[in-house]
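Colleague: This is the structure I want to talk about, given as structure tokens.
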Amino acid sequence: MTGYILKRIAVAILTLLLIMTITFLLMNAIPGSPFLTEKSTPEMIAKANAKYGLDKPLYIQLWNYIKSYLKGDLGTSLKMQEGTPVSTIIFHQGKFELSLKLGLYALLLAVTLGIPLGCIAAYNRGTWIDGFLRVITTVGVAIPTFVLATLLLVTFAVKLQWLPTISGSLTTWKAFIMPVISLSFYYLCYVAKLTRTSMLDAINQDYIRTARAKGVKTRSVILKHALRNSLIPVITYLGPVMAGIITGSFVVESTFSIPGLGKYFVQSVLNRDYPIIMATTVVLSALVIIMNLVVDIAYKIVDPRISLTSKEV
Amino acid sequence: MSMEENRKLLEVKDLKVSFFTPAGEVKAVDGISYSLGYNEVMGIVGESGSGKSVEAYSIIGLLQSPGRVTGGSILFEGENVLEYDAEKMRQFRGNKASMIFQNPMTCLNPVYTIGDQLMEALTCHDKTISKTQARARAIQMLELVGINNAVKRVDQYPHEFSGGMRQRAMIAMALICEPKLLIADEPTTALDVTIQAQILELMKDLQKKENTSIIFITHNLGVVAEICDRVSVMYAGRIVEQGLVQDIFYRPQHPYTKGLIASTPRLDEEDQERLVPIEGTPIDLLNPPSGCNFGPRCKNCMKICLREKPPYAQVGEGHISACWLHFMNRGSREAADTGKENTANE
């Protein structure tokens, strides 16, 4: 297990290097410069470029990024908060915390509501409950986040005025409601659909009949024997969900004016603030990689047949 | 014989089970009756779709929708289990009557250890038992069914067991509450022949040790000969012939049973004769014929066979057969319950 985790960490470092290279090339492919304003002259831009080393060849610039990242230095902002270390901007101004909080609540909602709803649908297969849930989840999977977010905003904030239009730093529970729902609804519906399908599959397995033949209570048959088996595909899906919830927060944070990392990331791209683009990408990628590792380990815990390393068999 | 041995453990009377499908009612079991004594092994033989498993499932209330018992009674030690409510049926299942199934590869839950699953069979009927006691009992049961190194094996998962070992574990699980009745639904069908023999040997052995009555469902006549005291032959939802195992094998009376035996290869036969198949296909249970269900495939079919269902004829001591042929040389139906009818009418 330890060996496996070490191996995964090594692979993760390589992956991050690759991500850095691609991000670097992409951000240099966008026209424009962080120092380009109405007032700036070519001389001023050249001077600023020289100051931050942007006049050097690309491979040197990339190497500089990698060197400083290996030392744990994420660089300093070029424009948005000029001179402030990027690590301070991301981790110490509440941005990362805000996005993480939003993402985790959304994930929690998707899992804690999606799995039971899937079970309820499967258990009541063919009844109106199942039909109703099927309609809702299909709609949920079909609606894009930005449409749902806007619809919620128009209905509950503008028309009914129950909830605030600007969620801001999510200081009240009311501010949380719409962003969390818009961020998680797609995943909630998907998890519910997935759970229903795999639950139905599990219920018809021979070992369920065995459990019933032993005299196990219906509740235990469903919650113990069927659910744990039906969770395997759901857990597999949770890896991509983590990624989706993080990237999805760009849209949600912009719609609800939440000063999180997602919103800041979009702004950093618009401002060509290269170190911030790079740092945000790397931090978010690292998060996704960690979550995938967690999911893989969870997978192993739920299903003993899975061995993480080939040697374990 | 003591009183205990005289009494019946299980009495199935005129049991009817139907599946209500969109196409109509399928009478999977159409009025079968039999009884099972204490310590007795009854074989139920029949081809696929003859209703043998459905009949067994209804005993322990495992029938799945759209299947439903539509008539008759199942008396277990004098109590009609069909009248049990859900909770009483749950307490009955696994505790007084338990079941093992055809495919041991898929019958154990892959995500729990063998020990967990064995212990669960115990703890869901006995809340007072401690975890340590349950575990000790699970290990003891695994040893009883011949699993080596049970102390280590108890913590393994089903995928670490071979097919034969899984069936052994299933048997251990079924017997852990010391049920009076074990229903074995084709327990050896999915195993290869050497393992089949071992499992049969084990079941015979355990049957003697634990004094369990067994209903052994199979389509394999060889297995029946090996383990059963009595045999019921089922065809299209009805028992066509019932008797002691030696009567069924050496003095079969019903044309279907004769056909089954003629179509089974034998090693002890002097001259290796060709196997004789039973021509035709089973009837459509959605539209059963008004006469004998086997009529359309029977070589000896007469006019009456296509008109009316045959009653049972007593053809020997504890040996009955449902065929019009048995009544022919008497010329009347009154013969149904009397005396011996022999192969003379063949």
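Letters for chains follow the order of the structure tokens (A, B, ...), residue numbers begin at 1 for each chain, and ligand numbers begin at 1 in the order shown.
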Can you pull out every residue within 12 Å of Glu308 of chain B, counting only C-alpha atoms, but drop anything in the same chain fewer than 3 positions away, and send it as a PyMOL selection string?

Modeller: chain B and resi 288-295+301-305+311+322-324+333

Colleague: For the residues selected in the previous step, produce a file with N, CA, C and O atoms as a short mmCIF file (atom, residue, chain, number, x, y, z; two decimals), in the first residue's frame.

Modeller:
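Just written: part_17.cif:
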data_model
loop_
_atom_site.label_atom_id
_atom_site.label_comp_id
_atom_site.auth_asym_id
_atom_site.auth_seq_id
_atom_site.Cartn_x
_atom_site.Cartn_y
_atom_site.Cartn_z
N PRO B 288 -51.66 -24.43 -21.33
CA PRO B 288 -51.48 -25.86 -21.09
C PRO B 288 -52.62 -26.66 -21.73
O PRO B 288 -53.74 -26.15 -21.86
N PRO B 289 -52.32 -27.87 -22.16
CA PRO B 289 -53.37 -28.69 -22.76
C PRO B 289 -54.39 -29.09 -21.70
O PRO B 289 -54.09 -29.09 -20.51
N SER B 290 -55.60 -29.44 -22.16
CA SER B 290 -56.61 -29.84 -21.17
C SER B 290 -56.33 -31.24 -20.64
O SER B 290 -56.70 -31.58 -19.53
N GLY B 291 -55.63 -32.03 -21.41
CA GLY B 291 -55.32 -33.38 -20.98
C GLY B 291 -53.99 -33.45 -20.26
O GLY B 291 -53.55 -32.49 -19.64
N CYS B 292 -53.35 -34.63 -20.35
CA CYS B 292 -52.06 -34.85 -19.70
C CYS B 292 -51.02 -33.93 -20.32
O CYS B 292 -50.92 -33.80 -21.53
N ASN B 293 -50.23 -33.27 -19.45
CA ASN B 293 -49.22 -32.34 -19.94
C ASN B 293 -48.17 -33.03 -20.80
O ASN B 293 -47.57 -32.43 -21.68
N PHE B 294 -47.94 -34.30 -20.51
CA PHE B 294 -46.91 -35.02 -21.27
C PHE B 294 -47.49 -35.63 -22.54
O PHE B 294 -46.75 -36.06 -23.43
N GLY B 295 -48.82 -35.67 -22.63
CA GLY B 295 -49.52 -36.28 -23.75
C GLY B 295 -48.91 -36.02 -25.13
O GLY B 295 -48.58 -36.95 -25.86
N CYS B 301 -49.54 -42.20 -26.16
CA CYS B 301 -50.67 -41.30 -25.96
C CYS B 301 -51.98 -41.86 -26.54
O CYS B 301 -52.01 -42.37 -27.66
N MET B 302 -53.03 -41.77 -25.71
CA MET B 302 -54.35 -42.25 -26.15
C MET B 302 -55.30 -41.07 -26.22
O MET B 302 -54.95 -39.96 -25.86
N LYS B 303 -56.53 -41.35 -26.66
CA LYS B 303 -57.49 -40.25 -26.81
C LYS B 303 -57.77 -39.57 -25.47
O LYS B 303 -57.82 -38.34 -25.38
N ILE B 304 -57.94 -40.39 -24.45
CA ILE B 304 -58.30 -39.83 -23.14
C ILE B 304 -57.19 -38.93 -22.59
O ILE B 304 -57.44 -37.95 -21.89
N CYS B 305 -55.94 -39.26 -22.96
CA CYS B 305 -54.80 -38.49 -22.46
C CYS B 305 -54.88 -37.03 -22.93
O CYS B 305 -54.38 -36.14 -22.25
N PRO B 311 -55.34 -39.06 -13.16
CA PRO B 311 -55.22 -39.09 -11.70
C PRO B 311 -54.02 -39.97 -11.32
O PRO B 311 -53.44 -40.64 -12.17
N ALA B 322 -48.89 -40.73 -12.35
CA ALA B 322 -50.08 -40.13 -12.95
C ALA B 322 -50.09 -40.43 -14.44
O ALA B 322 -49.50 -39.68 -15.24
N CYS B 323 -50.72 -41.54 -14.81
CA CYS B 323 -50.79 -41.88 -16.23
C CYS B 323 -52.05 -42.70 -16.47
O CYS B 323 -52.40 -43.57 -15.67
N TRP B 324 -52.73 -42.42 -17.57
CA TRP B 324 -53.96 -43.16 -17.89
C TRP B 324 -53.68 -44.63 -18.18
O TRP B 324 -54.55 -45.48 -18.03
N ARG B 333 -61.90 -45.69 -13.63
CA ARG B 333 -61.09 -44.80 -12.81
C ARG B 333 -61.12 -45.18 -11.35
O ARG B 333 -60.30 -44.69 -10.58
#

Colleague: Just need the residues of chain B within 7 Å of chain A, counting only C-alpha atoms, so spit them out as a list of chain:residue names.

Modeller: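 Residues satisfying the distance criterion: B:Arg90, B:Gln91, B:Arg93, B:Gly94, B:Ser98, B:Met99, B:Thr106, B:Cys107, B:Leu108, B:Asn109, B:Val111, B:Ala121, B:Cys124, B:His159.
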
Colleague: Write out as a list in words each polymer residue whose atoms come within 7 Å of Lys79 of chain A, counting only C-alpha atoms; drop sequence neighbours fewer than 3 positions from it.

Modeller: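 So, after excluding close chain neighbours, the residues are Pro34, Glu82 and Asp273 of chain A.
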
Colleague: Give the alpha helix (DSSP H) residues of segment 95-319 of chain B, as DSSP finds them on the backbone, and put them as a PyMOL selection string.

Modeller: chain B and resi 104-107+114-123+131-144+150-153+163-175+193-210+221-227+245-250+255-262+303-307

Colleague: Atom CA of Val45 of chain B to atom CA of Ile278 of chain B: how many Å, to one decimal?

Modeller: 15.2 Å

Colleague: My list of candidates is A:Leu117, A:Val241, A:Ala122, A:Ile166. Which is closest to Glu253 of chain A when distances are computed with only C-alpha atoms?

Modeller: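 Among the listed residues, the smallest separation from Glu253 of chain A belongs to A:Ile166.
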
Colleague: Figure out the distance between atom CA of Asp155 of chain B and atom CA of Glu178 of chain B, please, to one decimal in Å.

Modeller: 22.3 Å
